file entry-v4.cif (mmCIF, C-alpha atoms and all ligand atoms)
data_run
#
loop_
_atom_site.label_atom_id
_atom_site.label_comp_id
_atom_site.auth_asym_id
_atom_site.auth_seq_id
_atom_site.Cartn_x
_atom_site.Cartn_y
_atom_site.Cartn_z
CA MET A 1 -11.19 -3.07 15.75
CA TYR A 2 -8.67 -3.57 12.94
CA LEU A 3 -7.81 -7.08 14.18
CA ALA A 4 -11.42 -8.05 14.92
CA GLY A 5 -12.42 -7.08 11.38
CA ARG A 6 -9.71 -9.14 9.64
CA PRO A 7 -11.74 -12.36 9.06
CA ALA A 8 -14.28 -10.40 6.96
CA ASP A 9 -12.11 -7.56 5.69
CA ASP A 10 -8.79 -9.15 4.73
CA PRO A 11 -8.73 -12.85 5.69
CA ARG A 12 -5.84 -14.04 3.51
CA ARG A 13 -3.04 -11.73 4.54
CA PRO A 14 -1.40 -11.42 7.95
CA ALA A 15 -2.43 -8.40 10.01
CA MET A 16 0.10 -5.62 10.60
CA PRO A 17 1.78 -6.01 14.00
CA GLU A 18 1.07 -3.19 16.44
CA ARG A 19 4.27 -1.24 15.74
CA SER A 20 3.72 -1.26 11.98
CA PHE A 21 0.08 -0.35 12.37
CA ALA A 22 0.89 2.56 14.71
CA ALA A 23 3.58 3.85 12.33
CA TRP A 24 1.23 3.62 9.35
CA LEU A 25 -1.46 5.50 11.28
CA ALA A 26 1.03 8.22 12.21
CA LEU A 27 3.03 8.49 8.95
CA GLY A 28 1.04 6.87 6.14
CA TRP A 29 2.95 5.02 3.42
CA THR A 30 5.04 7.87 2.02
CA GLU A 31 4.80 11.48 3.09
CA ASP A 32 1.12 12.07 3.14
CA HIS A 33 0.89 13.04 6.82
CA PRO A 34 -2.46 11.43 7.57
CA GLU A 35 -4.94 12.49 10.20
CA ALA A 36 -6.54 9.78 12.34
CA TRP A 37 -10.01 10.25 13.85
CA LEU A 38 -11.66 8.04 16.43
CA ALA A 39 -15.42 7.58 16.91
CA ARG A 40 -16.80 6.66 20.32
CA ASP A 41 -20.29 5.56 21.28
CA ALA A 42 -22.40 7.27 23.93
CA ALA A 43 -20.65 5.22 26.65
CA GLY A 44 -17.25 6.38 25.43
CA GLN A 45 -16.38 3.06 23.84
CA ALA A 46 -14.31 3.32 20.63
CA CYS A 47 -16.45 2.00 17.77
CA GLY A 48 -14.75 3.20 14.58
CA TRP A 49 -11.90 5.25 13.18
CA TYR A 50 -10.56 6.60 9.97
CA SER A 51 -7.26 7.69 8.56
CA LEU A 52 -7.28 10.50 5.99
CA ALA A 53 -4.15 11.44 4.05
CA PHE A 54 -3.65 14.63 2.05
CA PRO A 55 -0.93 14.29 -0.58
CA GLU A 56 1.04 17.50 -0.82
CA ARG A 57 3.54 17.14 -3.67
CA GLU A 58 0.93 16.04 -6.21
CA ASN A 59 -2.71 14.99 -6.30
CA THR A 60 -3.67 17.97 -4.19
CA HIS A 61 -7.29 17.41 -5.23
CA LEU A 62 -7.35 13.99 -3.48
CA ALA A 63 -7.82 12.73 0.08
CA TYR A 64 -7.00 9.06 0.76
CA LEU A 65 -9.50 7.58 3.19
CA SER A 66 -9.30 4.35 5.24
CA PRO A 67 -12.44 4.06 7.37
CA LEU A 68 -13.06 1.13 9.71
CA VAL A 69 -15.94 0.28 12.03
CA GLY A 70 -15.60 -2.35 14.79
CA PRO A 71 -17.45 -5.50 13.70
CA ALA A 72 -19.89 -5.29 16.63
CA TYR A 73 -20.92 -1.80 15.53
CA ARG A 74 -21.43 -2.34 11.81
CA ARG A 75 -24.64 -1.64 9.89
CA HIS A 76 -25.66 1.19 12.23
CA GLY A 77 -24.68 4.06 9.98
CA ILE A 78 -21.32 4.72 11.65
CA GLY A 79 -19.29 4.03 8.49
CA THR A 80 -21.46 6.51 6.61
CA GLY A 81 -20.90 9.01 9.42
CA LEU A 82 -17.13 8.54 9.17
CA VAL A 83 -17.21 9.26 5.43
CA ARG A 84 -19.37 12.34 5.98
CA HIS A 85 -16.96 13.60 8.64
CA ALA A 86 -13.94 12.87 6.46
CA ALA A 87 -15.52 14.75 3.56
CA GLU A 88 -15.77 17.85 5.75
CA GLN A 89 -12.06 17.58 6.64
CA ALA A 90 -11.28 17.12 2.95
CA ARG A 91 -13.35 20.19 2.02
CA GLN A 92 -11.49 22.28 4.60
CA ARG A 93 -8.20 21.22 2.97
CA GLY A 94 -9.47 22.09 -0.51
CA ARG A 95 -9.75 18.46 -1.68
CA THR A 96 -12.48 17.53 -4.14
CA LEU A 97 -12.25 13.74 -4.34
CA ILE A 98 -12.05 11.02 -1.68
CA THR A 99 -10.51 7.70 -2.64
CA ALA A 100 -10.48 4.44 -0.70
CA GLU A 101 -10.03 0.74 -1.36
CA SER A 102 -11.56 -2.47 -0.12
CA ARG A 103 -11.29 -6.17 -0.87
CA GLN A 104 -13.62 -7.41 -3.60
CA GLY A 105 -16.50 -9.27 -1.95
CA SER A 106 -15.94 -7.66 1.49
CA PRO A 107 -18.31 -5.52 3.56
CA GLY A 108 -16.20 -2.58 2.37
CA GLU A 109 -17.19 -3.20 -1.25
CA ALA A 110 -20.91 -3.44 -0.38
CA PHE A 111 -20.54 -0.23 1.61
CA ALA A 112 -18.76 1.66 -1.17
CA ARG A 113 -21.39 0.58 -3.68
CA ALA A 114 -24.21 1.56 -1.30
CA LEU A 115 -22.69 5.04 -0.95
CA GLY A 116 -22.61 5.41 -4.75
CA ALA A 117 -18.80 5.42 -5.03
CA ARG A 118 -17.31 4.99 -8.51
CA ARG A 119 -15.06 1.97 -8.99
CA GLY A 120 -11.52 2.99 -9.98
CA ILE A 121 -8.43 0.93 -10.71
CA SER A 122 -8.13 -2.43 -8.95
CA ASP A 123 -5.08 -4.10 -7.40
CA ALA A 124 -4.53 -7.85 -7.16
CA CYS A 125 -2.75 -9.35 -4.17
CA ARG A 126 -0.60 -12.43 -4.64
CA VAL A 127 1.43 -14.71 -2.43
CA LEU A 128 4.49 -16.85 -3.11
CA GLN A 129 4.66 -19.89 -0.84
CA LEU A 130 8.39 -20.54 -0.84
CA LYS A 131 7.98 -24.25 -0.08
CA THR A 132 6.10 -24.71 -3.36
CA VAL A 133 8.94 -23.33 -5.51
CA PRO A 134 10.43 -26.41 -7.25
CA ASP A 135 14.12 -27.12 -6.74
CA GLY A 136 16.20 -25.40 -9.39
CA HIS A 137 13.35 -23.11 -10.52
CA LEU A 138 14.96 -19.89 -9.31
CA ALA A 139 18.36 -20.88 -10.71
CA ARG A 140 16.74 -21.52 -14.13
CA LEU A 141 14.98 -18.15 -14.07
CA ARG A 142 18.17 -16.41 -12.98
CA SER A 143 20.19 -17.84 -15.87
CA GLN A 144 17.45 -16.90 -18.37
CA ALA A 145 17.36 -13.37 -16.98
CA GLN A 146 21.14 -13.03 -16.84
CA ALA A 147 21.44 -14.04 -20.49
CA ALA A 148 19.26 -11.03 -21.40
CA ALA A 149 20.94 -8.70 -18.88
CA VAL A 150 24.49 -8.61 -20.22
CA GLY A 151 26.11 -5.32 -19.15
CA TYR A 152 24.25 -5.11 -15.83
CA SER A 153 25.52 -6.14 -12.42
CA LEU A 154 23.62 -6.72 -9.19
CA MET A 155 24.10 -5.07 -5.82
CA SER A 156 22.13 -5.25 -2.59
CA TRP A 157 21.91 -3.62 0.81
CA GLU A 158 19.96 -4.06 4.02
CA GLY A 159 18.43 -1.06 5.79
CA PRO A 160 18.52 2.57 4.64
CA VAL A 161 19.50 3.57 1.12
CA PRO A 162 23.23 4.46 1.10
CA GLY A 163 23.65 8.22 0.66
CA ARG A 164 25.36 7.87 -2.74
CA TYR A 165 22.24 6.18 -4.18
CA LEU A 166 19.55 8.50 -2.78
CA VAL A 167 19.18 10.53 -5.97
CA GLN A 168 19.00 7.41 -8.11
CA VAL A 169 16.49 5.72 -5.82
CA ALA A 170 14.33 8.85 -6.03
CA ARG A 171 14.59 8.65 -9.85
CA LEU A 172 13.56 4.97 -9.81
CA ASN A 173 10.56 5.71 -7.60
CA GLN A 174 9.59 8.42 -10.06
CA ALA A 175 9.81 5.82 -12.85
CA MET A 176 6.85 4.05 -11.22
CA ASN A 177 4.70 6.73 -12.82
CA ASP A 178 4.72 4.57 -15.97
CA ALA A 179 2.81 1.84 -14.12
CA PRO A 180 -0.98 1.71 -14.56
CA ARG A 181 -2.85 4.04 -12.23
CA SER A 182 -6.28 5.61 -11.87
CA ALA A 183 -7.21 8.42 -14.27
CA GLU A 184 -7.61 10.68 -11.21
CA ASP A 185 -4.06 9.94 -9.97
CA GLU A 186 -1.33 12.27 -11.24
CA GLY A 187 1.51 9.95 -10.16
CA GLN A 188 4.01 10.76 -7.44
CA GLN A 189 6.80 13.34 -7.50
CA TRP A 190 9.94 11.90 -5.91
CA ASP A 191 13.05 13.60 -4.61
CA VAL A 192 15.71 12.75 -2.04
CA ALA A 193 13.63 14.21 0.80
CA ARG A 194 10.78 11.87 -0.08
CA VAL A 195 13.08 8.84 -0.11
CA ARG A 196 14.27 9.87 3.35
CA GLU A 197 10.69 10.25 4.55
CA ASP A 198 9.87 6.79 3.22
CA GLN A 199 12.89 5.42 5.08
CA ALA A 200 11.68 7.13 8.24
CA ARG A 201 8.40 5.22 7.82
CA VAL A 202 10.32 1.92 7.37
CA ALA A 203 12.34 2.71 10.51
CA ALA A 204 9.23 3.65 12.50
CA GLN A 205 7.62 0.36 11.46
CA GLY A 206 10.78 -1.44 12.61
CA LEU A 207 11.03 -3.44 9.39
CA ARG A 208 14.03 -5.45 8.32
CA TYR A 209 14.33 -3.95 4.86
CA TYR A 210 16.17 -5.36 1.86
CA THR A 211 17.02 -3.80 -1.48
CA VAL A 212 18.40 -5.43 -4.63
CA ALA A 213 19.36 -3.19 -7.55
CA ALA A 214 20.75 -3.75 -11.03
CA CYS A 215 23.45 -1.33 -12.11
CA CYS A 216 24.21 -0.46 -15.74
CA GLU A 217 27.96 -1.14 -16.03
CA ARG A 218 28.41 1.33 -18.92
CA THR A 219 26.87 4.38 -17.20
CA GLY A 220 27.03 3.38 -13.53
CA GLU A 221 23.37 4.27 -13.04
CA LEU A 222 20.84 2.14 -11.16
CA ALA A 223 18.58 0.59 -13.80
CA ALA A 224 16.25 -1.52 -11.66
CA ILE A 225 15.37 -1.97 -8.03
CA THR A 226 13.26 -4.18 -5.78
CA GLN A 227 12.60 -3.64 -2.07
CA LEU A 228 11.03 -5.89 0.53
CA GLY A 229 10.19 -5.53 4.22
CA ILE A 230 9.89 -8.10 6.99
CA GLU A 231 8.12 -7.45 10.28
CA PRO A 232 10.39 -8.78 13.07
CA PRO A 233 7.42 -10.17 15.07
CA ALA A 234 6.34 -12.22 12.01
CA PRO A 235 9.53 -13.38 10.25
CA ASP A 236 7.63 -15.98 8.21
CA CYS A 237 6.11 -13.25 5.98
CA GLY A 238 7.76 -10.81 3.61
CA PHE A 239 6.03 -7.83 2.02
CA GLN A 240 7.10 -6.69 -1.40
CA GLU A 241 7.41 -2.93 -1.78
CA LEU A 242 8.81 -1.09 -4.81
CA THR A 243 9.92 -3.00 -7.93
CA VAL A 244 10.71 -0.93 -11.00
CA VAL A 245 12.94 -0.91 -14.07
CA ALA A 246 13.84 2.54 -15.46
CA ARG A 247 12.27 3.08 -18.86
CA THR A 248 15.52 3.18 -20.85
CA HIS A 249 16.62 -0.15 -19.35
CA ARG A 250 13.48 -2.17 -20.02
CA GLY A 251 13.55 -5.29 -22.18
CA HIS A 252 16.59 -6.88 -20.46
CA ARG A 253 14.67 -9.05 -17.97
CA LEU A 254 15.95 -6.86 -15.14
CA GLY A 255 12.62 -7.03 -13.28
CA LEU A 256 12.86 -10.81 -13.10
CA LEU A 257 16.58 -10.69 -12.33
CA VAL A 258 16.27 -8.41 -9.28
CA LYS A 259 13.30 -10.35 -7.92
CA VAL A 260 15.09 -13.71 -8.24
CA ALA A 261 18.17 -12.17 -6.63
CA MET A 262 15.99 -10.86 -3.79
CA LEU A 263 14.63 -14.36 -3.10
CA GLU A 264 18.19 -15.73 -3.11
CA LEU A 265 19.29 -12.98 -0.71
CA LEU A 266 16.39 -13.70 1.63
CA ALA A 267 17.16 -17.43 1.62
CA GLY A 268 20.50 -16.49 3.22
CA HIS A 269 19.26 -13.80 5.63
CA GLU A 270 15.74 -14.83 6.63
CA PRO A 271 15.71 -18.55 7.45
CA LEU A 272 12.17 -18.39 8.89
CA LEU A 273 10.64 -16.78 5.79
CA GLU A 274 7.80 -18.91 4.33
CA ARG A 275 5.84 -16.59 2.08
CA VAL A 276 6.06 -13.30 0.26
CA PHE A 277 3.05 -11.04 -0.41
CA THR A 278 2.79 -8.59 -3.27
CA GLY A 279 0.22 -6.37 -4.94
CA ASN A 280 -0.02 -4.88 -8.44
CA ALA A 281 -2.63 -3.09 -10.48
CA ASP A 282 -4.79 -5.73 -12.22
CA THR A 283 -3.69 -4.23 -15.53
CA ASN A 284 0.06 -4.30 -14.82
CA ALA A 285 0.64 -7.19 -17.22
CA HIS A 286 4.46 -7.08 -17.17
CA MET A 287 4.83 -7.22 -13.39
CA ILE A 288 2.12 -9.86 -13.05
CA ALA A 289 3.86 -12.00 -15.71
CA ILE A 290 7.09 -11.86 -13.68
CA ASN A 291 5.30 -12.75 -10.46
CA THR A 292 3.49 -15.64 -12.15
CA GLU A 293 6.80 -16.96 -13.51
CA LEU A 294 8.18 -16.89 -9.97
CA GLY A 295 5.17 -18.90 -8.73
CA PHE A 296 3.02 -16.23 -7.05
CA GLN A 297 -0.65 -17.24 -6.64
CA LEU A 298 -3.60 -14.85 -6.74
CA LEU A 299 -5.18 -14.11 -3.34
CA ASP A 300 -7.77 -11.43 -3.98
CA HIS A 301 -8.65 -8.19 -5.77
CA TRP A 302 -8.73 -4.74 -4.19
CA PRO A 303 -10.77 -2.23 -6.21
CA SER A 304 -10.39 1.45 -5.39
CA TRP A 305 -13.40 3.72 -4.94
CA GLU A 306 -13.93 7.41 -5.63
CA LEU A 307 -16.47 9.77 -4.14
CA ALA A 308 -16.76 13.49 -4.87
CA VAL A 309 -16.46 15.54 -1.67
CA ALA A 310 -19.25 17.86 -2.84
CA GLU A 311 -21.53 14.87 -3.36
CA VAL A 312 -20.95 13.54 0.17
CA LEU A 313 -21.61 16.96 1.65
CA THR A 314 -25.12 16.91 0.14
CA TRP A 315 -26.04 13.75 2.05
CA PRO A 316 -28.81 14.33 4.58
CA ALA A 317 -27.70 14.71 8.22
CA SER A 318 -29.43 11.39 9.02
CA ALA A 319 -26.68 9.70 7.01
CA GLN A 320 -24.21 10.65 9.77
CA GLY A 321 -25.21 7.78 12.04
CA ARG A 322 -28.61 6.57 13.07
CA GLY A 323 -30.22 7.13 16.48
CA GLY A 324 -31.11 4.72 19.27
CA ALA A 325 -28.12 2.63 20.33
CA ALA A 326 -26.01 3.97 17.48
CA PRO A 327 -22.72 5.63 18.49
CA GLU A 328 -22.24 9.34 18.07
CA PRO A 329 -20.93 10.61 14.79
CA PRO A 330 -17.17 11.03 15.02
CA GLY A 331 -17.37 14.79 14.65
CA ALA A 332 -18.99 15.05 18.08
CA ARG A 333 -16.09 13.43 19.92
CA GLY A 334 -13.49 13.00 17.22
CA ARG A 335 -9.89 13.18 18.36
CA ARG A 336 -7.15 14.28 16.07
CA ALA A 337 -4.38 11.80 16.75
CA GLN A 338 -2.02 13.06 14.05
CA SER A 339 -1.85 15.97 11.73
C1 LIG A 401 -17.13 -0.66 5.31
C2 LIG A 401 -17.45 -0.31 6.75
C3 LIG A 401 -16.66 0.94 7.15
C4 LIG A 401 -18.95 -0.02 6.84
O1 LIG A 401 -19.26 0.44 8.15
P1 LIG A 401 -20.78 0.41 8.67
O2 LIG A 401 -20.83 1.24 9.90
O3 LIG A 401 -21.25 -0.99 8.76
O4 LIG A 401 -21.51 1.14 7.46
P2 LIG A 401 -23.01 1.71 7.43
O5 LIG A 401 -23.79 1.12 8.56
O6 LIG A 401 -22.93 3.20 7.35
O7 LIG A 401 -23.52 1.11 6.06
C5 LIG A 401 -24.15 1.90 5.06
C6 LIG A 401 -24.72 0.98 3.99
O8 LIG A 401 -23.65 0.28 3.34
C7 LIG A 401 -24.14 -1.03 2.95
N1 LIG A 401 -23.38 -2.06 3.67
C8 LIG A 401 -22.47 -1.87 4.65
N2 LIG A 401 -21.96 -3.06 5.03
C9 LIG A 401 -22.57 -4.00 4.29
C10 LIG A 401 -22.47 -5.40 4.22
N3 LIG A 401 -21.66 -6.09 5.02
N4 LIG A 401 -23.25 -6.06 3.31
C11 LIG A 401 -24.09 -5.40 2.52
N5 LIG A 401 -24.24 -4.04 2.53
C12 LIG A 401 -23.47 -3.36 3.41
C13 LIG A 401 -25.59 -1.09 3.38
O9 LIG A 401 -26.38 -0.63 2.29
C14 LIG A 401 -25.62 -0.09 4.53
O10 LIG A 401 -26.90 0.43 4.76
P3 LIG A 401 -27.98 -0.48 5.57
O11 LIG A 401 -27.29 -1.03 6.78
O12 LIG A 401 -29.04 0.52 5.92
O13 LIG A 401 -28.43 -1.54 4.65
C15 LIG A 401 -17.14 -1.53 7.68
O14 LIG A 401 -17.73 -2.70 7.15
C16 LIG A 401 -15.66 -1.76 7.81
O15 LIG A 401 -15.03 -1.22 8.71
N6 LIG A 401 -15.05 -2.54 6.88
C17 LIG A 401 -13.59 -2.75 6.87
C18 LIG A 401 -12.82 -1.55 6.29
C19 LIG A 401 -13.34 -1.15 4.91
O16 LIG A 401 -13.55 -1.98 4.05
N7 LIG A 401 -13.54 0.18 4.71
C20 LIG A 401 -14.18 0.69 3.51
C21 LIG A 401 -13.24 1.06 2.44
S1 LIG A 401 -14.14 1.58 1.00
#
call {"tool": "encode", "arguments": {"input": "entry-v4.cif", "output": "structure tokens", "more": "lines below"}}
Ligand SMILES: CC(C)(COP(=O)(O)OP(=O)(O)OC[C@H]1O[C@@H](n2cnc3c(N)ncnc32)[C@H](O)[C@@H]1OP(=O)(O)O)[C@@H](O)C(=O)NCCC(=O)NCCS
result
Amino acid sequence: MYLAGRPADDPRRPAMPERSFAAWLALGWTEDHPEAWLARDAAGQACGWYSLAFPERENTHLAYLSPLVGPAYRRHGIGTGLVRHAAEQARQRGRTLITAESRQGSPGEAFARALGARRGISDACRVLQLKTVPDGHLARLRSQAQAAAVGYSLMSWEGPVPGRYLVQVARLNQAMNDAPRSAEDEGQQWDVARVREDQARVAAQGLRYYTVAACCERTGELAAITQLGIEPPAPDCGFQELTVVARTHRGHRLGLLVKVAMLELLAGHEPLLERVFTGNADTNAHMIAINTELGFQLLDHWPSWELAVAEVLTWPASAQGRGGAAPEPPGARGRRAQS
């Protein structure tokens, strides 16, 4: 269903390979321990599913929803039924707000608007086609950045974060809370356990995972970091993950420096790499400026949507899936794949 929906739902980015998809369904992106529910039609055929994550360290009023209906089953009320079912799970967990995201111009956006969801913050996805980067461009950017980054040195590693850096990597993740986010989002609380959980997700997805960090020579602390994953079945594509500069080290072009150094590292380690995908909040002017300097091109926008749980629970029962050939609402035959 996920793959069949791609041409309408997310046509410009490669689909997650099966292993990555399964790990995301089981683990989510950080430590949100999502549930997955499957809807079947009267003949037992799977026709839709949703993943629902309940953050535990912060944002305990939120539930992150990813609903999907197989293309052949759309416009029969199943999507609405999935949201109604998810709202009941959210209520049972004490959550008051459901959030989701969809590509601007996709069926998901029309659906969210039809349900009366409020538009929240929007992300923009970009891609860097490595072949289009002019010769010498990265070297020029690196020397500009290095001139502003006197007193910092670069380091890199592949795979898990070395134990001696776990605390600092947690601190850098926490520094992401300065980046633009929705008014409803409290920002994430990071500690070493959460870094380890994130690494468990990377391992479960089977990613080749690279980190470049800038170290402040005076204090020895990590000042900036960038991380990127590559799916072994699709070594032509890289997916940017965290990039952040700690607040007290901003203004030294460290964001640009670590990203240029990452591209140089990948040139040596990933000979089949052709493009790198990234996403930032539309309002994250500093990060977008760096990506534009590197040559990233805009692909599409991904607004987030918010629906109050209490509001969904007032929807009439008929909104849970229409009759006739329509599949059953997921609650009737839902299967809890993960909890
Ligand atoms: C979004 C999605 C879950 C909708 O599933 P669905 O079963 O087709 O949804 P419903 O039948 O309950 O649609 C409810 C209403 O949403 C609106 N809607 C849904 N899809 C639409 C589309 N492609 N164009 C215009 N309106 C649409 C309609 O008003 C529809 O009511 P109607 O059919 O009576 O006119 C499905 O398109 C999908 O899986 N998309 C990919 C994943 C995604 O974007 N998820 C949503 C994240 S917010």
call {"tool": "closest_residue", "arguments": {"input": "entry-v4.cif", "among": "A:Glu101, A:Gln168, A:Gly255, A:Thr278", "to": "Arg118 (chain A)", "atoms": "all atoms listed in the file"}}
result
A:Glu101
call {"tool": "residues_around", "arguments": {"input": "entry-v4.cif", "residues": "Leu115 (chain A)", "least_positions_apart": "4", "cutoff": "9 Å", "atoms": "only C-alpha atoms", "output": "number ranges by chain"}}
result
A: 80, 110-111, 307, 312
call {"tool": "residues_near_ligand", "arguments": {"input": "entry-v4.cif", "ligand": "ligand LIG 401 (chain A)", "cutoff": "9 Å", "atoms": "all atoms listed in the file", "output": "ChimeraX atom specification"}}
result
/A:1-2,5-6,8-10,48-50,65-71,73-83,99-103,106-115,117,303-306,319-322
call {"tool": "residues_around", "arguments": {"input": "entry-v4.cif", "residues": "Trp29 (chain A)", "least_positions_apart": "2", "cutoff": "8 Å", "atoms": "all atoms listed in the file", "output": "ChimeraX atom specification"}}
result
/A:24,27,31-32,198,201
call {"tool": "closest_residue", "arguments": {"input": "entry-v4.cif", "among": "A:Ala289, A:Leu25, A:Leu166, A:Ala261", "to": "Ser153 (chain A)", "atoms": "all atoms listed in the file"}}
result
A:Ala261
call {"tool": "atom_distance", "arguments": {"input": "entry-v4.cif", "atom1": "CA of Ala149 (chain A)", "atom2": "CA of Val244 (chain A)"}}
result
15.1 Å
call {"tool": "residues_near_point", "arguments": {"input": "entry-v4.cif", "point": "(20.5, -14.5, -19.0)", "cutoff": "12 Å", "atoms": "all atoms listed in the file", "output": "short mmCIF file (atom, residue, chain, number, x, y, z; two decimals) with C-alpha atoms, in the frame of the given file"}}
result
data_model
loop_
_atom_site.label_atom_id
_atom_site.label_comp_id
_atom_site.auth_asym_id
_atom_site.auth_seq_id
_atom_site.Cartn_x
_atom_site.Cartn_y
_atom_site.Cartn_z
CA ALA A 139 18.36 -20.88 -10.71
CA ARG A 140 16.74 -21.52 -14.13
CA LEU A 141 14.98 -18.15 -14.07
CA ARG A 142 18.17 -16.41 -12.98
CA SER A 143 20.19 -17.84 -15.87
CA GLN A 144 17.45 -16.90 -18.37
CA ALA A 145 17.36 -13.37 -16.98
CA GLN A 146 21.14 -13.03 -16.84
CA ALA A 147 21.44 -14.04 -20.49
CA ALA A 148 19.26 -11.03 -21.40
CA ALA A 149 20.94 -8.70 -18.88
CA VAL A 150 24.49 -8.61 -20.22
CA GLY A 151 26.11 -5.32 -19.15
CA TYR A 152 24.25 -5.11 -15.83
CA SER A 153 25.52 -6.14 -12.42
CA GLY A 251 13.55 -5.29 -22.18
CA HIS A 252 16.59 -6.88 -20.46
CA ARG A 253 14.67 -9.05 -17.97
CA LEU A 254 15.95 -6.86 -15.14
CA LEU A 256 12.86 -10.81 -13.10
CA LEU A 257 16.58 -10.69 -12.33
#
call {"tool": "residues_around", "arguments": {"input": "entry-v4.cif", "residues": "Glu88 (chain A)", "least_positions_apart": "4", "cutoff": "12 Å", "atoms": "only C-alpha atoms", "output": "mmCIF file with C-alpha atoms, in the coordinates of the input"}}
result
data_model
loop_
_atom_site.group_PDB
_atom_site.id
_atom_site.type_symbol
_atom_site.label_atom_id
_atom_site.label_comp_id
_atom_site.auth_asym_id
_atom_site.auth_seq_id
_atom_site.Cartn_x
_atom_site.Cartn_y
_atom_site.Cartn_z
ATOM 1 C CA LEU A 52 -7.280 10.500 5.990
ATOM 2 C CA ALA A 63 -7.820 12.730 0.080
ATOM 3 C CA GLY A 81 -20.900 9.010 9.420
ATOM 4 C CA LEU A 82 -17.130 8.540 9.170
ATOM 5 C CA VAL A 83 -17.210 9.260 5.430
ATOM 6 C CA ARG A 84 -19.370 12.340 5.980
ATOM 7 C CA GLN A 92 -11.490 22.280 4.600
ATOM 8 C CA ARG A 93 -8.200 21.220 2.970
ATOM 9 C CA GLY A 94 -9.470 22.090 -0.510
ATOM 10 C CA ARG A 95 -9.750 18.460 -1.680
ATOM 11 C CA THR A 96 -12.480 17.530 -4.140
ATOM 12 C CA LEU A 97 -12.250 13.740 -4.340
ATOM 13 C CA ILE A 98 -12.050 11.020 -1.680
ATOM 14 C CA ALA A 308 -16.760 13.490 -4.870
ATOM 15 C CA VAL A 309 -16.460 15.540 -1.670
ATOM 16 C CA ALA A 310 -19.250 17.860 -2.840
ATOM 17 C CA GLU A 311 -21.530 14.870 -3.360
ATOM 18 C CA VAL A 312 -20.950 13.540 0.170
ATOM 19 C CA LEU A 313 -21.610 16.960 1.650
ATOM 20 C CA THR A 314 -25.120 16.910 0.140
ATOM 21 C CA TRP A 315 -26.040 13.750 2.050
ATOM 22 C CA GLN A 320 -24.210 10.650 9.770
ATOM 23 C CA PRO A 330 -17.170 11.030 15.020
ATOM 24 C CA GLY A 331 -17.370 14.790 14.650
#
call {"tool": "closest_residue", "arguments": {"input": "entry-v4.cif", "among": "A:Asp123, A:Glu231, A:Asp178, A:Asp41", "to": "Gln205 (chain A)", "atoms": "all atoms listed in the file"}}
result
A:Glu231
call {"tool": "atom_distance", "arguments": {"input": "entry-v4.cif", "atom1": "CA of Thr211 (chain A)", "atom2": "CA of Leu273 (chain A)"}}
result
16.2 Å
call {"tool": "closest_residue", "arguments": {"input": "entry-v4.cif", "among": "A:Val202, A:Glu184, A:Ala87, A:Arg40", "to": "Gly28 (chain A)", "atoms": "all atoms listed in the file"}}
result
A:Val202
call {"tool": "atom_distance", "arguments": {"input": "entry-v4.cif", "atom1": "CA of Gly295 (chain A)", "atom2": "CA of Thr132 (chain A)"}}
result
8.0 Å
call {"tool": "build_atoms", "arguments": {"input": "entry-v4.cif", "residues": "region 168-175 of chain A", "atoms": "N, CA, C and O atoms", "output": "PDB file, in the frame of the given file"}}
result
ATOM      1  N   GLN A 168      19.404   8.424  -7.132  1.00  0.00           N
ATOM      2  CA  GLN A 168      19.000   7.410  -8.110  1.00  0.00           C
ATOM      3  C   GLN A 168      17.764   6.633  -7.641  1.00  0.00           C
ATOM      4  O   GLN A 168      16.910   6.260  -8.440  1.00  0.00           O
ATOM      5  N   VAL A 169      17.682   6.409  -6.336  1.00  0.00           N
ATOM      6  CA  VAL A 169      16.490   5.720  -5.820  1.00  0.00           C
ATOM      7  C   VAL A 169      15.260   6.629  -5.983  1.00  0.00           C
ATOM      8  O   VAL A 169      14.168   6.161  -6.316  1.00  0.00           O
ATOM      9  N   ALA A 170      15.433   7.912  -5.782  1.00  0.00           N
ATOM     10  CA  ALA A 170      14.330   8.850  -6.030  1.00  0.00           C
ATOM     11  C   ALA A 170      13.900   8.758  -7.507  1.00  0.00           C
ATOM     12  O   ALA A 170      12.709   8.708  -7.827  1.00  0.00           O
ATOM     13  N   ARG A 171      14.878   8.726  -8.407  1.00  0.00           N
ATOM     14  CA  ARG A 171      14.590   8.650  -9.850  1.00  0.00           C
ATOM     15  C   ARG A 171      13.848   7.347 -10.181  1.00  0.00           C
ATOM     16  O   ARG A 171      12.915   7.324 -10.981  1.00  0.00           O
ATOM     17  N   LEU A 172      14.235   6.247  -9.538  1.00  0.00           N
ATOM     18  CA  LEU A 172      13.560   4.970  -9.810  1.00  0.00           C
ATOM     19  C   LEU A 172      12.127   4.983  -9.270  1.00  0.00           C
ATOM     20  O   LEU A 172      11.212   4.453  -9.903  1.00  0.00           O
ATOM     21  N   ASN A 173      11.936   5.575  -8.093  1.00  0.00           N
ATOM     22  CA  ASN A 173      10.560   5.710  -7.600  1.00  0.00           C
ATOM     23  C   ASN A 173       9.710   6.518  -8.577  1.00  0.00           C
ATOM     24  O   ASN A 173       8.559   6.190  -8.842  1.00  0.00           O
ATOM     25  N   GLN A 174      10.307   7.572  -9.095  1.00  0.00           N
ATOM     26  CA  GLN A 174       9.590   8.420 -10.060  1.00  0.00           C
ATOM     27  C   GLN A 174       9.215   7.616 -11.306  1.00  0.00           C
ATOM     28  O   GLN A 174       8.164   7.834 -11.912  1.00  0.00           O
ATOM     29  N   ALA A 175      10.069   6.638 -11.655  1.00  0.00           N
ATOM     30  CA  ALA A 175       9.810   5.820 -12.850  1.00  0.00           C
ATOM     31  C   ALA A 175       8.571   4.957 -12.689  1.00  0.00           C
ATOM     32  O   ALA A 175       8.019   4.456 -13.675  1.00  0.00           O
TER      33      ALA A 175
END
